[in-house]
$ cat input07.txt   # compact mmCIF, C-alpha atoms
# COMPACT_ATOMS: atom_id res chain seq x y z
CA MET A 1 -132.39 -103.39 -13.72
CA GLY A 2 -131.19 -106.97 -13.82
CA ASP A 3 -133.11 -109.90 -12.48
CA THR A 4 -130.27 -111.66 -10.68
CA LEU A 5 -131.02 -112.24 -7.03
CA THR A 6 -129.93 -114.31 -4.08
CA ALA A 7 -132.16 -115.97 -1.52
CA GLU A 8 -131.23 -117.63 1.73
CA THR A 9 -132.40 -118.64 5.18
CA ILE A 10 -130.96 -116.50 7.94
CA ARG A 11 -131.49 -115.74 11.62
CA ILE A 12 -132.62 -112.35 12.86
CA SER A 13 -133.43 -110.81 16.21
CA GLY A 14 -137.20 -110.81 16.70
CA ASP A 15 -139.55 -109.89 19.52
CA ASN A 16 -137.91 -109.72 22.92
CA GLY A 17 -134.52 -110.20 21.26
CA ASP A 18 -135.33 -113.83 20.44
CA GLU A 19 -133.38 -115.30 17.55
CA ILE A 20 -135.82 -116.45 14.85
CA GLU A 21 -135.54 -117.84 11.35
CA ALA A 22 -136.23 -115.65 8.33
CA TYR A 23 -136.13 -115.98 4.56
CA LEU A 24 -134.20 -113.21 2.80
CA ALA A 25 -134.08 -112.39 -0.90
CA ARG A 26 -131.95 -109.58 -2.34
CA PRO A 27 -131.37 -108.19 -5.82
CA ASP A 28 -127.85 -108.29 -7.17
CA GLY A 29 -125.76 -105.13 -7.02
CA SER A 30 -125.06 -102.36 -4.57
CA ALA A 31 -127.69 -99.78 -5.55
CA ALA A 32 -129.64 -98.24 -2.68
CA ARG A 33 -133.14 -99.66 -2.40
CA GLY A 34 -136.14 -100.04 -0.16
CA GLY A 35 -137.03 -103.12 1.85
CA VAL A 36 -140.18 -105.21 2.18
CA VAL A 37 -141.25 -107.34 5.13
CA VAL A 38 -143.58 -110.13 4.00
CA ILE A 39 -145.90 -111.52 6.68
CA HIS A 40 -146.88 -115.11 5.93
CA HIS A 41 -150.46 -116.34 6.09
CA LEU A 42 -151.94 -118.61 8.75
CA PRO A 43 -150.82 -121.77 6.88
CA GLY A 44 -147.30 -120.70 7.59
CA TYR A 45 -143.84 -119.92 6.31
CA ASP A 46 -144.36 -121.93 3.17
CA ARG A 47 -143.17 -122.27 -0.41
CA ALA A 48 -145.81 -119.90 -1.76
CA THR A 49 -144.78 -117.18 0.69
CA LYS A 50 -141.10 -117.61 -0.15
CA GLU A 51 -141.98 -117.20 -3.83
CA ILE A 52 -143.54 -113.85 -2.93
CA VAL A 53 -140.35 -112.84 -1.11
CA ARG A 54 -138.29 -113.64 -4.19
CA ARG A 55 -140.72 -111.68 -6.37
CA PHE A 56 -140.09 -108.56 -4.32
CA ALA A 57 -136.35 -109.04 -4.82
CA GLU A 58 -137.00 -109.37 -8.55
CA LEU A 59 -138.91 -106.07 -8.29
CA GLY A 60 -135.79 -104.48 -6.82
CA TYR A 61 -136.31 -104.65 -3.05
CA ASP A 62 -134.47 -106.36 -0.24
CA ALA A 63 -137.24 -108.62 1.05
CA ILE A 64 -137.59 -110.73 4.16
CA CYS A 65 -140.17 -113.00 5.72
CA PRO A 66 -139.79 -113.83 9.41
CA ASN A 67 -140.90 -117.32 10.42
CA LEU A 68 -143.61 -116.38 12.90
CA TYR A 69 -143.88 -119.98 14.12
CA TRP A 70 -140.18 -120.50 14.79
CA ARG A 71 -140.59 -120.44 18.54
CA GLN A 72 -143.35 -123.05 18.54
CA ALA A 73 -141.82 -125.38 15.97
CA PRO A 74 -138.18 -124.70 15.05
CA GLY A 75 -137.11 -126.61 11.98
CA ALA A 76 -140.51 -128.23 11.42
CA ALA A 77 -142.18 -128.52 8.02
CA PRO A 78 -144.30 -125.40 7.40
CA ASP A 79 -147.61 -127.26 7.61
CA ASP A 80 -146.62 -129.02 10.83
CA ALA A 81 -145.44 -125.72 12.30
CA ALA A 82 -148.72 -124.04 11.37
CA ALA A 83 -150.70 -126.88 12.97
CA THR A 84 -148.62 -126.59 16.14
CA ALA A 85 -149.07 -122.82 16.32
CA ARG A 86 -152.79 -123.14 15.73
CA ALA A 87 -153.19 -125.80 18.41
CA GLN A 88 -151.44 -123.46 20.86
CA GLY A 89 -153.86 -120.62 20.13
CA GLY A 90 -151.89 -118.73 17.50
CA ILE A 91 -149.27 -116.08 18.12
CA PRO A 92 -149.81 -112.99 20.27
CA ASP A 93 -150.14 -109.63 18.56
CA SER A 94 -147.30 -108.24 20.67
CA GLN A 95 -144.96 -110.95 19.39
CA LEU A 96 -145.95 -110.21 15.79
CA VAL A 97 -145.16 -106.53 16.29
CA GLY A 98 -141.76 -107.41 17.74
CA ASP A 99 -140.91 -109.85 14.98
CA VAL A 100 -141.88 -107.42 12.21
CA GLY A 101 -139.95 -104.69 14.00
CA GLY A 102 -136.90 -106.95 14.07
CA ALA A 103 -137.27 -107.76 10.39
CA ALA A 104 -137.62 -104.07 9.48
CA ALA A 105 -134.54 -103.21 11.53
CA TYR A 106 -132.60 -105.98 9.79
CA LEU A 107 -133.53 -104.57 6.37
CA ARG A 108 -132.49 -101.06 7.40
CA SER A 109 -129.14 -102.42 8.62
CA LEU A 110 -128.23 -103.69 5.15
CA ASP A 111 -125.65 -101.63 3.30
CA THR A 112 -128.05 -101.30 0.36
CA SER A 113 -130.90 -99.86 2.42
CA ASN A 114 -132.31 -96.45 1.50
CA GLY A 115 -133.93 -96.39 4.94
CA LYS A 116 -137.44 -97.14 3.73
CA VAL A 117 -139.32 -100.32 4.57
CA GLY A 118 -142.75 -101.53 3.56
CA VAL A 119 -144.80 -104.36 4.97
CA ILE A 120 -147.27 -106.67 3.23
CA GLY A 121 -149.38 -109.58 4.39
CA TYR A 122 -152.01 -111.91 3.07
CA CYS A 123 -155.05 -113.38 4.78
CA SER A 124 -154.31 -113.38 8.55
CA GLY A 125 -151.13 -111.54 7.56
CA GLY A 126 -153.31 -108.74 6.13
CA ARG A 127 -154.65 -107.99 9.58
CA GLN A 128 -151.14 -108.32 10.99
CA THR A 129 -149.88 -105.86 8.38
CA VAL A 130 -152.27 -103.20 9.67
CA LEU A 131 -151.26 -104.11 13.22
CA ALA A 132 -147.59 -103.70 12.33
CA ALA A 133 -148.22 -100.40 10.53
CA CYS A 134 -149.85 -99.07 13.72
CA ASN A 135 -146.90 -100.07 15.90
CA VAL A 136 -143.72 -100.33 13.82
CA ASP A 137 -141.85 -97.61 11.95
CA VAL A 138 -142.70 -98.53 8.35
CA ASP A 139 -143.15 -96.34 5.29
CA ALA A 140 -145.92 -98.21 3.44
CA ALA A 141 -148.28 -101.09 4.18
CA VAL A 142 -150.26 -103.46 1.95
CA ASP A 143 -153.22 -105.36 3.40
CA CYS A 144 -154.33 -108.22 1.18
CA TYR A 145 -157.79 -109.32 2.34
CA GLY A 146 -157.07 -109.31 6.05
CA ALA A 147 -160.10 -110.23 8.17
CA TYR A 148 -160.96 -108.65 11.54
CA VAL A 149 -159.22 -105.32 11.01
CA VAL A 150 -162.76 -104.14 11.70
CA GLY A 151 -165.74 -106.29 12.62
CA THR A 152 -165.99 -108.67 15.53
CA PRO A 153 -164.72 -112.25 15.65
CA PRO A 154 -167.43 -114.75 16.63
CA GLU A 155 -168.00 -115.55 20.30
CA GLY A 156 -165.81 -118.24 21.75
CA PHE A 157 -162.97 -117.84 19.27
CA PRO A 158 -160.17 -120.06 20.55
CA LEU A 159 -157.53 -117.95 18.81
CA LYS A 160 -156.97 -114.65 20.53
CA VAL A 161 -157.92 -112.35 17.67
CA THR A 162 -159.44 -108.93 18.19
CA ASN A 163 -160.18 -106.21 15.69
CA LEU A 164 -157.85 -103.23 15.33
CA VAL A 165 -160.33 -100.36 15.45
CA ASP A 166 -158.75 -98.86 18.58
CA GLN A 167 -155.32 -98.93 16.94
CA LEU A 168 -156.22 -97.27 13.65
CA PRO A 169 -155.56 -93.74 14.99
CA HIS A 170 -151.91 -94.84 15.32
CA LEU A 171 -151.55 -95.97 11.71
CA ARG A 172 -148.27 -94.41 10.66
CA ALA A 173 -147.97 -95.35 6.99
CA PRO A 174 -150.08 -95.11 3.84
CA LEU A 175 -152.16 -98.25 3.38
CA LEU A 176 -152.92 -100.07 0.15
CA GLY A 177 -155.84 -102.47 0.52
CA LEU A 178 -156.66 -105.22 -1.99
CA PHE A 179 -159.94 -107.07 -1.55
CA GLY A 180 -162.23 -109.52 -3.36
CA ASN A 181 -165.87 -108.56 -3.55
CA ASP A 182 -166.93 -112.19 -3.06
CA ASP A 183 -165.02 -112.45 0.21
CA GLN A 184 -167.01 -112.58 3.44
CA HIS A 185 -164.01 -112.11 5.78
CA PRO A 186 -163.49 -109.27 5.17
CA SER A 187 -166.89 -108.67 3.58
CA PRO A 188 -167.54 -105.69 1.31
CA ALA A 189 -169.27 -104.07 4.31
CA HIS A 190 -166.10 -104.54 6.39
CA VAL A 191 -164.04 -102.94 3.62
CA ASP A 192 -166.52 -100.05 3.48
CA GLU A 193 -166.21 -99.57 7.24
CA LEU A 194 -162.41 -99.62 7.15
CA ASP A 195 -162.42 -97.14 4.28
CA GLU A 196 -164.74 -94.81 6.19
CA ARG A 197 -162.80 -95.04 9.44
CA LEU A 198 -159.49 -94.27 7.74
CA THR A 199 -161.05 -91.34 5.87
CA GLU A 200 -162.44 -89.94 9.14
CA LEU A 201 -159.02 -90.29 10.75
CA GLY A 202 -157.32 -88.60 7.81
CA LYS A 203 -155.14 -91.66 7.15
CA PRO A 204 -153.86 -91.97 3.57
CA HIS A 205 -155.18 -95.14 2.00
CA GLU A 206 -155.96 -96.59 -1.40
CA PHE A 207 -158.33 -99.54 -1.81
CA HIS A 208 -158.89 -101.71 -4.86
CA ARG A 209 -161.80 -104.13 -4.88
CA TYR A 210 -162.22 -106.88 -7.41
CA ASP A 211 -165.33 -108.52 -8.82
CA ASN A 212 -165.29 -112.27 -9.44
CA ALA A 213 -162.69 -112.67 -6.71
CA GLY A 214 -162.99 -113.87 -3.15
CA HIS A 215 -160.51 -114.55 -0.43
CA ALA A 216 -156.92 -115.52 -1.30
CA PHE A 217 -157.15 -114.52 -4.96
CA PHE A 218 -153.35 -114.11 -5.08
CA SER A 219 -152.75 -117.77 -4.18
CA THR A 220 -151.58 -119.42 -7.38
CA ASP A 221 -151.64 -122.88 -5.80
CA ARG A 222 -155.24 -122.73 -4.59
CA PRO A 223 -158.66 -122.88 -6.25
CA SER A 224 -159.26 -119.33 -5.04
CA TYR A 225 -156.68 -117.93 -7.48
CA ARG A 226 -158.11 -115.28 -9.81
CA VAL A 227 -155.66 -114.24 -12.46
CA GLU A 228 -157.22 -110.88 -13.35
CA ALA A 229 -157.42 -109.69 -9.77
CA ALA A 230 -153.99 -111.03 -8.93
CA ASN A 231 -152.29 -109.46 -11.93
CA ASP A 232 -153.90 -106.08 -11.31
CA GLY A 233 -153.10 -106.41 -7.61
CA TRP A 234 -149.42 -106.97 -8.32
CA GLU A 235 -149.43 -103.88 -10.55
CA GLN A 236 -150.99 -101.83 -7.75
CA ILE A 237 -148.41 -103.12 -5.27
CA THR A 238 -145.57 -102.36 -7.68
CA ASP A 239 -146.74 -98.77 -8.19
CA PHE A 240 -147.50 -98.21 -4.50
CA TYR A 241 -144.10 -99.37 -3.33
CA ALA A 242 -142.34 -97.46 -6.12
CA THR A 243 -144.02 -94.31 -4.81
CA HIS A 244 -143.39 -94.88 -1.11
CA LEU A 245 -140.21 -96.95 -0.95
CA GLY A 246 -138.25 -95.57 -3.88
CA GLY A 247 -135.40 -93.10 -3.85
CA MET B 248 -161.12 -116.61 4.86
CA CYS B 249 -158.96 -117.69 7.73
CA THR B 250 -161.65 -118.78 10.15
CA TYR B 251 -159.17 -118.95 13.05
CA ALA B 252 -161.78 -121.08 14.86
CA THR B 253 -160.00 -124.08 16.29
CA LEU B 254 -161.44 -126.77 18.54
CA THR B 255 -159.35 -129.22 20.48
CA ALA B 256 -160.00 -132.49 22.29
CA PRO B 257 -157.81 -134.81 24.34
CA MET B 258 -157.33 -138.22 22.69
CA THR B 259 -156.35 -141.69 23.77
CA GLY B 260 -155.36 -143.93 20.90
CA SER B 261 -152.82 -144.39 18.15
CA ALA B 262 -152.20 -143.22 14.61
CA LYS B 263 -149.83 -144.23 11.85
CA GLY B 264 -147.80 -141.18 11.03
CA PRO B 265 -144.56 -139.99 9.44
CA ASN B 266 -142.28 -142.71 8.07
CA GLY B 267 -145.03 -145.26 8.51
CA SER B 268 -144.53 -145.40 12.27
CA TRP B 269 -147.30 -145.74 14.78
CA PHE B 270 -147.44 -143.28 17.64
CA ARG B 271 -149.72 -142.63 20.58
CA VAL B 272 -152.15 -139.78 19.90
CA THR B 273 -152.80 -137.38 22.77
CA ASP B 274 -154.51 -134.42 21.09
CA ALA B 275 -156.94 -133.66 18.27
CA THR B 276 -157.24 -130.25 16.64
CA VAL B 277 -160.25 -129.56 14.43
CA TYR B 278 -160.83 -126.49 12.29
CA PHE B 279 -162.60 -125.37 9.10
CA ASP B 280 -160.16 -123.35 7.06
CA HIS B 281 -157.91 -123.28 4.03
CA PRO B 282 -156.36 -126.65 3.29
CA VAL B 283 -152.70 -127.20 2.52
CA HIS B 284 -153.29 -129.83 -0.15
CA ALA B 285 -156.99 -130.51 -0.86
CA MET B 286 -158.45 -128.81 -3.94
CA ALA B 287 -161.10 -126.81 -2.14
CA GLU B 288 -161.15 -123.28 -0.78
CA HIS B 289 -162.10 -124.49 2.68
CA THR B 290 -162.02 -127.91 4.29
CA LEU B 291 -162.67 -129.51 7.64
CA ASN B 292 -159.20 -130.23 8.91
CA ILE B 293 -158.25 -132.69 11.63
CA ASP B 294 -154.82 -133.06 13.16
CA LEU B 295 -154.31 -136.15 15.30
CA ALA B 296 -151.12 -135.34 17.13
CA ALA B 297 -148.70 -136.04 19.92
CA PRO B 298 -147.28 -132.58 20.70
CA ALA B 299 -144.80 -134.01 23.18
CA LYS B 300 -143.11 -135.83 20.31
CA GLY B 301 -142.74 -132.64 18.25
CA PRO B 302 -144.60 -130.91 15.39
CA SER B 303 -144.11 -133.75 12.92
CA ALA B 304 -145.90 -136.32 15.12
CA ARG B 305 -149.16 -135.61 13.36
CA VAL B 306 -151.65 -137.25 11.06
CA ALA B 307 -153.51 -134.59 9.10
CA VAL B 308 -156.66 -134.90 7.01
CA GLU B 309 -158.42 -132.22 4.97
CA LEU B 310 -162.02 -133.13 4.05
CA THR B 311 -164.71 -131.27 2.16
CA ALA B 312 -167.63 -130.33 4.39
CA GLU B 313 -169.75 -133.05 2.75
CA SER B 314 -167.04 -135.64 3.37
CA ALA B 315 -166.62 -134.55 6.95
CA ARG B 316 -170.35 -134.97 7.58
CA ALA B 317 -170.24 -138.41 5.98
CA LEU B 318 -167.35 -139.30 8.26
CA ILE B 319 -169.26 -138.14 11.33
CA ALA B 320 -172.20 -140.35 10.30
CA ALA B 321 -169.91 -143.32 9.66
CA ILE B 322 -168.18 -142.92 13.02
CA GLN B 323 -171.52 -142.61 14.80
CA GLY B 324 -172.86 -145.63 12.94
CA ALA B 325 -169.86 -147.74 13.83
CA LEU B 326 -170.08 -146.76 17.49
CA ASP B 327 -173.82 -147.44 17.54
CA SER B 328 -173.34 -150.89 16.05
CA ALA B 329 -171.07 -151.98 18.88
CA PRO B 330 -172.54 -153.46 22.05
CA ALA B 331 -172.92 -150.77 24.66
CA GLU B 332 -170.68 -152.59 27.11
CA MET B 333 -167.87 -152.47 24.54
CA SER B 334 -168.27 -148.89 23.29
CA GLY B 335 -169.07 -147.33 26.64
CA ALA B 336 -172.42 -146.00 25.39
CA ARG B 337 -174.94 -144.99 28.04
$ encode --input "input07.txt" --output "structure tokens"
Amino acid sequence: MGDTLTAETIRISGDNGDEIEAYLARPDGSAARGGVVVIHHLPGYDRATKEIVRRFAELGYDAICPNLYWRQAPGAAPDDAAATARAQGGIPDSQLVGDVGGAAAYLRSLDTSNGKVGVIGYCSGGRQTVLAACNVDVDAAVDCYGAYVVGTPPEGFPLKVTNLVDQLPHLRAPLLGLFGNDDQHPSPAHVDELDERLTELGKPHEFHRYDNAGHAFFSTDRPSYRVEAANDGWEQITDFYATHLGG
Amino acid sequence: MCTYATLTAPMTGSAKGPNGSWFRVTDATVYFDHPVHAMAEHTLNIDLAAPAKGPSARVAVELTAESARALIAAIQGALDSAPAEMSGAR
């Protein structure tokens, strides 16, 4: 497999048929392949997230990241867009589901698609990954330290975030979870609870939990970066997607 | 973590923002979460903004918790030092 790829900004049809911006990266060649929807973290549709999109193309997938803040701040710098979205209370779960659904449909429409699409998200995007996997037709999901999949947000939360316990019975794809044992959101107890709930529901899942790592251990541009956890995490993601998105 | 917790307050005043231009501030957003630029896992972040002028009409600061507390004390001290009839203190 070569490592030539192309990356570009495009427009796709998101929730409610709205046109939104997205970042697309594709490997060279015409071989059939799976697709990956990358859900950006709360700080937005930023350089670090676009690097992740390109990495999935380098791994052999058509990869796309919808700009979840496009409606609130079209064309704005990622940090300004994130600040605007935050000040407006964040984005509704229903809109996230529609935007990920639109991104997945776009990937399946590509002439290289093998019909399989995975989803992955980090931080707030980890929770949104589980949300998407409960509501969108995807073949594999990767939750990287998403808070409030279980557990209860504090009283008076201005952002409209609820846990996803009532949605877990609808989880329609195998879930890979990657968590830091020093993280408090989700805490090890939250990860235990999610593990137990998914086991009780008979939902296929595979969790990896890292010592000496807290939240955002994949973020190479932040003090939270932990190289051992991140490198192993990427290997787990690579194997998981090869199993569920290949062929 | 992403704390999600976000507090807002209406503002009357001005800030010097993008391109060195002053603009009238109408809103403040305050949250403790991951910074964009500061070298800390979490910071107290303040956006002084004028949403009507678009997303870029914003002055952003990201302060360590210790710095943020020092700023609170400095602001309170400056307000306390002003005559009550000037600062509106009761």
$ interface_residues --input "input07.txt" --of "chain A" --to "chain B" --cutoff "9 Å" --atoms "all atoms listed in the file" --output "PDB file with C-alpha atoms, in the frame of the given file"
ATOM      1  CA  HIS A  41    -150.460-116.340   6.090  1.00  0.00           C
ATOM      2  CA  LEU A  42    -151.940-118.610   8.750  1.00  0.00           C
ATOM      3  CA  PRO A  43    -150.820-121.770   6.880  1.00  0.00           C
ATOM      4  CA  GLN A  72    -143.350-123.050  18.540  1.00  0.00           C
ATOM      5  CA  ALA A  73    -141.820-125.380  15.970  1.00  0.00           C
ATOM      6  CA  PRO A  74    -138.180-124.700  15.050  1.00  0.00           C
ATOM      7  CA  ALA A  76    -140.510-128.230  11.420  1.00  0.00           C
ATOM      8  CA  ALA A  77    -142.180-128.520   8.020  1.00  0.00           C
ATOM      9  CA  ASP A  79    -147.610-127.260   7.610  1.00  0.00           C
ATOM     10  CA  ASP A  80    -146.620-129.020  10.830  1.00  0.00           C
ATOM     11  CA  ALA A  81    -145.440-125.720  12.300  1.00  0.00           C
ATOM     12  CA  ALA A  82    -148.720-124.040  11.370  1.00  0.00           C
ATOM     13  CA  ALA A  83    -150.700-126.880  12.970  1.00  0.00           C
ATOM     14  CA  THR A  84    -148.620-126.590  16.140  1.00  0.00           C
ATOM     15  CA  ARG A  86    -152.790-123.140  15.730  1.00  0.00           C
ATOM     16  CA  ALA A  87    -153.190-125.800  18.410  1.00  0.00           C
ATOM     17  CA  GLY A  89    -153.860-120.620  20.130  1.00  0.00           C
ATOM     18  CA  GLY A  90    -151.890-118.730  17.500  1.00  0.00           C
ATOM     19  CA  CYS A 123    -155.050-113.380   4.780  1.00  0.00           C
ATOM     20  CA  SER A 124    -154.310-113.380   8.550  1.00  0.00           C
ATOM     21  CA  TYR A 145    -157.790-109.320   2.340  1.00  0.00           C
ATOM     22  CA  GLY A 146    -157.070-109.310   6.050  1.00  0.00           C
ATOM     23  CA  ALA A 147    -160.100-110.230   8.170  1.00  0.00           C
ATOM     24  CA  PRO A 154    -167.430-114.750  16.630  1.00  0.00           C
ATOM     25  CA  GLY A 156    -165.810-118.240  21.750  1.00  0.00           C
ATOM     26  CA  PHE A 157    -162.970-117.840  19.270  1.00  0.00           C
ATOM     27  CA  PRO A 158    -160.170-120.060  20.550  1.00  0.00           C
ATOM     28  CA  LEU A 159    -157.530-117.950  18.810  1.00  0.00           C
ATOM     29  CA  LYS A 160    -156.970-114.650  20.530  1.00  0.00           C
ATOM     30  CA  VAL A 161    -157.920-112.350  17.670  1.00  0.00           C
ATOM     31  CA  ASP A 183    -165.020-112.450   0.210  1.00  0.00           C
ATOM     32  CA  GLN A 184    -167.010-112.580   3.440  1.00  0.00           C
ATOM     33  CA  HIS A 185    -164.010-112.110   5.780  1.00  0.00           C
ATOM     34  CA  PRO A 186    -163.490-109.270   5.170  1.00  0.00           C
ATOM     35  CA  GLY A 214    -162.990-113.870  -3.150  1.00  0.00           C
ATOM     36  CA  HIS A 215    -160.510-114.550  -0.430  1.00  0.00           C
ATOM     37  CA  ALA A 216    -156.920-115.520  -1.300  1.00  0.00           C
ATOM     38  CA  ARG A 222    -155.240-122.730  -4.590  1.00  0.00           C
ATOM     39  CA  PRO A 223    -158.660-122.880  -6.250  1.00  0.00           C
ATOM     40  CA  SER A 224    -159.260-119.330  -5.040  1.00  0.00           C
TER      41      SER A 224
END
$ axis_aligned_box --input "input07.txt" --around "stretch 179-193 of chain A" --padding-each-side "4 Å" --output "lines of an AutoDock Vina configuration file"
center_x = -164.6
center_y = -106.1
center_z = 1.8
size_x = 17.3
size_y = 21.0
size_z = 18.8
$ atom_distance --input "input07.txt" --atom1 "atom CA of A:Glu8" --atom2 "atom CA of A:Ile64"
9.7 Å
$ atom_distance --input "input07.txt" --atom1 "atom CA of A:Ser13" --atom2 "atom CA of A:Phe218"
29.3 Å
$ residues_around --input "input07.txt" --residues "A:Arg226" --least-positions-apart "4" --cutoff "12 Å" --atoms "all atoms listed in the file" --output "PDB file with C-alpha atoms, in the coordinates of the input"
ATOM      1  CA  PHE A 179    -159.940-107.070  -1.550  1.00  0.00           C
ATOM      2  CA  GLY A 180    -162.230-109.520  -3.360  1.00  0.00           C
ATOM      3  CA  ASP A 182    -166.930-112.190  -3.060  1.00  0.00           C
ATOM      4  CA  TYR A 210    -162.220-106.880  -7.410  1.00  0.00           C
ATOM      5  CA  ASP A 211    -165.330-108.520  -8.820  1.00  0.00           C
ATOM      6  CA  ASN A 212    -165.290-112.270  -9.440  1.00  0.00           C
ATOM      7  CA  ALA A 213    -162.690-112.670  -6.710  1.00  0.00           C
ATOM      8  CA  GLY A 214    -162.990-113.870  -3.150  1.00  0.00           C
ATOM      9  CA  HIS A 215    -160.510-114.550  -0.430  1.00  0.00           C
ATOM     10  CA  ALA A 216    -156.920-115.520  -1.300  1.00  0.00           C
ATOM     11  CA  PHE A 217    -157.150-114.520  -4.960  1.00  0.00           C
ATOM     12  CA  PHE A 218    -153.350-114.110  -5.080  1.00  0.00           C
ATOM     13  CA  SER A 219    -152.750-117.770  -4.180  1.00  0.00           C
ATOM     14  CA  THR A 220    -151.580-119.420  -7.380  1.00  0.00           C
ATOM     15  CA  ASP A 221    -151.640-122.880  -5.800  1.00  0.00           C
ATOM     16  CA  ARG A 222    -155.240-122.730  -4.590  1.00  0.00           C
ATOM     17  CA  ALA A 230    -153.990-111.030  -8.930  1.00  0.00           C
ATOM     18  CA  ASN A 231    -152.290-109.460 -11.930  1.00  0.00           C
ATOM     19  CA  ASP A 232    -153.900-106.080 -11.310  1.00  0.00           C
ATOM     20  CA  GLY A 233    -153.100-106.410  -7.610  1.00  0.00           C
TER      21      GLY A 233
END
$ atom_distance --input "input07.txt" --atom1 "atom CA of A:Ala189" --atom2 "atom CA of A:Pro153"
14.7 Å
$ closest_residue --input "input07.txt" --among "A:Tyr61, A:Asp239, A:Pro188, A:Gly121" --to "A:Val38" --atoms "all atoms listed in the file"
A:Gly121
$ residues_around --input "input07.txt" --residues "A:Ala7" --least-positions-apart "4" --cutoff "7 Å" --atoms "all atoms listed in the file" --output "VMD selection string"
chain A and resid 24 to 26
$ residues_around --input "input07.txt" --residues "stretch 132-139 of chain A" --least-positions-apart "6" --cutoff "7 Å" --atoms "only C-alpha atoms" --output "mmCIF file with C-alpha atoms, in the coordinates of the input"
data_model
loop_
_atom_site.group_PDB
_atom_site.id
_atom_site.type_symbol
_atom_site.label_atom_id
_atom_site.label_comp_id
_atom_site.auth_asym_id
_atom_site.auth_seq_id
_atom_site.Cartn_x
_atom_site.Cartn_y
_atom_site.Cartn_z
ATOM 1 C CA VAL A 97 -145.160 -106.530 16.290
ATOM 2 C CA VAL A 100 -141.880 -107.420 12.210
ATOM 3 C CA GLY A 101 -139.950 -104.690 14.000
ATOM 4 C CA LYS A 116 -137.440 -97.140 3.730
ATOM 5 C CA VAL A 117 -139.320 -100.320 4.570
ATOM 6 C CA GLY A 118 -142.750 -101.530 3.560
ATOM 7 C CA GLN A 167 -155.320 -98.930 16.940
ATOM 8 C CA LEU A 168 -156.220 -97.270 13.650
ATOM 9 C CA HIS A 170 -151.910 -94.840 15.320
ATOM 10 C CA LEU A 171 -151.550 -95.970 11.710
ATOM 11 C CA ARG A 172 -148.270 -94.410 10.660
ATOM 12 C CA ALA A 173 -147.970 -95.350 6.990
ATOM 13 C CA HIS A 244 -143.390 -94.880 -1.110
ATOM 14 C CA LEU A 245 -140.210 -96.950 -0.950
#
$ build_atoms --input "input07.txt" --residues "stretch 269-281 of chain B" --atoms "N, CA and C atoms" --output "compact mmCIF listing (two decimals), in the frame of the given file"
# COMPACT_ATOMS: atom_id res chain seq x y z
N TRP B 269 -146.19 -146.01 13.88
CA TRP B 269 -147.30 -145.74 14.78
C TRP B 269 -146.83 -144.90 15.95
N PHE B 270 -147.74 -144.04 16.43
CA PHE B 270 -147.44 -143.28 17.64
C PHE B 270 -148.73 -143.09 18.43
N ARG B 271 -148.56 -142.82 19.71
CA ARG B 271 -149.72 -142.63 20.58
C ARG B 271 -150.23 -141.20 20.43
N VAL B 272 -151.52 -141.08 20.10
CA VAL B 272 -152.15 -139.78 19.90
C VAL B 272 -152.66 -139.24 21.23
N THR B 273 -152.34 -138.00 21.51
CA THR B 273 -152.80 -137.38 22.77
C THR B 273 -153.74 -136.21 22.54
N ASP B 274 -153.74 -135.64 21.33
CA ASP B 274 -154.51 -134.42 21.09
C ASP B 274 -155.12 -134.44 19.70
N ALA B 275 -156.33 -133.90 19.59
CA ALA B 275 -156.94 -133.66 18.27
C ALA B 275 -157.21 -132.17 18.13
N THR B 276 -156.91 -131.64 16.96
CA THR B 276 -157.24 -130.25 16.64
C THR B 276 -158.15 -130.27 15.41
N VAL B 277 -159.25 -129.54 15.50
CA VAL B 277 -160.25 -129.56 14.43
C VAL B 277 -160.57 -128.12 14.04
N TYR B 278 -160.54 -127.85 12.74
CA TYR B 278 -160.83 -126.49 12.29
C TYR B 278 -161.32 -126.51 10.85
N PHE B 279 -162.10 -125.51 10.47
CA PHE B 279 -162.60 -125.37 9.10
C PHE B 279 -161.91 -124.18 8.49
N ASP B 280 -160.99 -124.44 7.56
CA ASP B 280 -160.16 -123.35 7.06
C ASP B 280 -159.52 -123.76 5.75
N HIS B 281 -158.59 -122.95 5.28
CA HIS B 281 -157.91 -123.28 4.03
C HIS B 281 -157.11 -124.57 4.20
